[in-house]
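Asks: The structure is given below, and queries will be raised subsequently.
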Amino acid sequence: MANIIRQKANSQKQQQEAVKSAGDITLTLPTYKGTMGPNVADVQALYKDHGIFTFDPGFMSTGSCQSAITFIDGDLGQLLYRGYPIDQLAENCTFLETCSLLMNGELPNKTELEEFENIVTQHTMVNEQVRTFYSGFRADAHPMAILCGATGALASFYHDSLDINNPDHREISAIRLIAKMPTLTAMAYKHSIGQPFMYPDNSLSFAGNFLRMMFAVPAEEYKVNPIVERAMDLIFILHADHEQNASTSTVRLAGSSGANPFTCIAAGIASLWGPAHGGANEAVLDMLAEVGSVENIPAYIEKVKDKANPTRLMGFGHRVYKNFDPRATLMRKTCHEVLGDLGINDPMLDIAMELERIALEDPYFVDRKLYPNVDFYSGIILRAIGIPTNMFTCIFALSRTVGWISHWMEMIAEPTQKIGRPRQLYTGATERNVTPLKKRK
Ligand code: CMC
């Protein structure tokens with residue numbers, strides 16, 4: 001069987017290699033100007049007017065939608081949520097303030113923030129029947145698998161508010177998702193270690209409540225450490241949105257068919273899980289463990305640079321940031337503060353810092369503009385806080401839920417919204433006749 005699959009893959013590869021140039025064409029296209037960023041060429045009428053499609057695997061030059069939520073300039077290392085620089089938001093705002101901004105477009109005033117916090121807080125509990133889903137998962141199930149399933153399953157509880165054409169339904173679904181994600185995430189962790197689930201405590205902050213649901217046990221009093229609480233909140237803010245990345249585009253594509261928001265977010269969680277995206281923070285720690293000690297770093301760097309070896313330096317490089325990742329700058333600072341404040345002396349951090357130093361000087365990384373990204377540092381902070389490696393991507397999903405749902409709401413509210421349906425450059429067999437089985441060789 002494996003042999004047949006290999007033969008088929010080889011023949012597909014040959015067909016792909018056989019793609020020949022069709023010649024160059026010159027076209028005049030309308031262009032549009034956004035408020036920031038490069039202009040875009042409008043190719044919507046290309047097939048109708050000229051009978052050709054565009055070809056852009058990986059969306060290297062393709063704008064898939066118009067959006068007013070987040071702006072990134074990868075060359076400047078700039079990240080703005082609704083026009084506000086990420087460092088100013090990180091310094092002045094809480095995560096829930098940031099959520100209100102992303103969802104509603106403006107920073108809330110005091111009364112608006114209180115109302116927003118209040119409504120999120122009122123939706124932190126999950127239906128008791130959700131607990132029974134969790135008992136169906138093996139204790140060693142990856143928490144991302146649990147989170148993906150549990151988030152999609154939320155759709156089965158809210159039949160009365162799943163009309164995506166009703167703005168009130170869209171809003172309450174968004175609030176429910178933001179509010180319940182920490183609860184579902186902490187439950188995934190508690191299930192994996194066999195401890196009782198902790199109900200939310202609405203007297204605590206969003207981050208404080210999450211930490212308590214993760215680390216408290218019913219038998220003992222739990223006090224939230226303010227340093228850890230602030231670091232957690234910062235991690236949530238820095239991961240809250242990142243314009244049209246793989247998972248957000250997945251949420252939009254799933255939602256474009258009219259699917260309900262809970263299943264769209266489950267699709268986003270699935271996309272985020274991959275090691276090239278949200279799974280990178282987990283992969284960073286796995287990599288540091290594999291390197292093992294500072295002396296092994298040069299050999300590891302050589303392995304990463306070897307084209308014949310698929311190993312990559314996890315936590316380095318970004319499709320958009322080609323000078324530095326502004327989230328990484330903030331995370332690096334917090335990383336040192338948290339480790340200092342908690343008095344943690346982690347040999348993994350020594351390996352990470354030495355890797356960072358070498359990679360920032362090595363021409364391989366410098367020439368390719370491969371800088372540490374946010375996940376390089378967030379993994380180290382999460383480890384210091386006591387969060388196990390396999391929970392890292394869940395924390396990313398928890399944080400990114402507000403970004404996903406804001407994009408989903410923006411898309412559904414567009415009067416001209418269409419189902420997403422890309423086209424392709426077909427490289428398969430041309431039309432041929434079926435040979436009956438007994439005559440096939
Ligand atoms: N280690 C070693 N070489 C790398 C790395 C890396 N981490 N990233 C890219 N390269 C090389 C790659 O081999 C290629 O070299 P060459 O030009 O000689 O063929 C060149 O750099 C360009 O790579 P690419 O794959 O075309 O770049 P991309 O923009 O498609 O990939 C990326 C971006 C993030 C997927 C990639 O840099 C990567 O795999 N990084 C490691 C995973 C990681 O940390 N991901 C988290 C991203 S931040 C969180 C998020 O927003 O999701």
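Here, A, B, ... name the chains of the structure tokens in the order displayed, residue numbers run from 1 inside each chain, and ligands are numbered from 1 in the same displayed order.
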For range 63-65 of chain A, find every residue with an atom within 8 Å (counting only C-alpha atoms), except residues of its own chain fewer than 3 positions away, and show them as a short mmCIF file (atom, residue, chain, number, x, y, z; two decimals) with N, CA and C atoms, in the first residue's frame.

Replies:
data_model
loop_
_atom_site.label_atom_id
_atom_site.label_comp_id
_atom_site.auth_asym_id
_atom_site.auth_seq_id
_atom_site.Cartn_x
_atom_site.Cartn_y
_atom_site.Cartn_z
N VAL A 40 -3.52 47.69 -3.28
CA VAL A 40 -3.87 46.35 -3.76
C VAL A 40 -4.45 46.45 -5.16
N PHE A 59 -0.59 32.48 -0.30
CA PHE A 59 -1.09 33.88 -0.24
C PHE A 59 0.04 34.89 0.01
N GLN A 244 -4.64 38.62 9.01
CA GLN A 244 -5.15 37.45 8.26
C GLN A 244 -4.19 36.25 8.28
#

Asks: Can you pull out every residue with an atom within 9 Å of ligand 1? Use only C-alpha atoms and all ligand atoms and format it as a PyMOL selection string.

Replies: chain A and resi 58+60+239+242+245-247+272+274-281+283-284+301+304-307+310-322+325+364-365+367-376

Asks: Compile the contact shell of range 331-347 of chain A as a PyMOL selection string: residues with an atom at most 10 Å away, counting only C-alpha atoms, same-chain residues fewer than 4 positions apart removed.

Replies: chain A and resi 225+227-228+230-231+234-235+238+288-289+292-294+325-327+351-353+372-385

Asks: Could you make a table, as CSV, of the residues of range 320-412 of chain A that have an atom within 8 Å of an atom of range 133-151 of chain A, each with its nearest atom pair and distance in Å to one decimal, counting only C-alpha atoms, in chain and number order?

Replies:
residue,atom,partner,partner_atom,distance
A:Asn390,CA,A:His142,CA,6.9
A:Met391,CA,A:Pro143,CA,6.4
A:Thr393,CA,A:Met144,CA,7.0
A:Cys394,CA,A:Met144,CA,5.8

Asks: Do a neighbour search on range 164-178 of chain A at 9 Å with only C-alpha atoms, toss out local chain neighbours closer than 3 positions, and write the hits as a PyMOL selection string.

Replies: chain A and resi 99+103+116+119-120+123-124+151+154+158+160-161+181-182+258-262+265+398-399+401-402+405-406+409+412-413

Asks: Select, from A:Glu243, A:Ile25, A:Ile269, A:Val43, the residue with the minimum atom-to-atom distance to Ile72 in chain A, counting only C-alpha atoms.

Replies: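 Smallest distance to Ile72 in chain A is found for A:Glu243.
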
Asks: As an exercise, work out the distance from CA of Asp241 in chain A to CA of Gly403 in chain A in Å and give it to one decimal place.

Replies: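 CA of Gly403 in chain A lies at a distance of 4.4 Å from CA of Asp241 in chain A.
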
Asks: Considering only C-alpha atoms, state which residue in the set A:Phe197, A:Tyr426, A:Phe396, A:Trp408 is at the smallest distance from Ser67 in chain A.

Replies: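 Under the stated criterion, the closest residue is A:Trp408.
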
Asks: Neighbouring residues of Pro196 in chain A were defined as those with any atom within 8 Å, considering only C-alpha atoms; residues of the same chain fewer than 6 positions away were excluded. Please report them as a ChimeraX atom specification.

Replies: /A:190,217-218
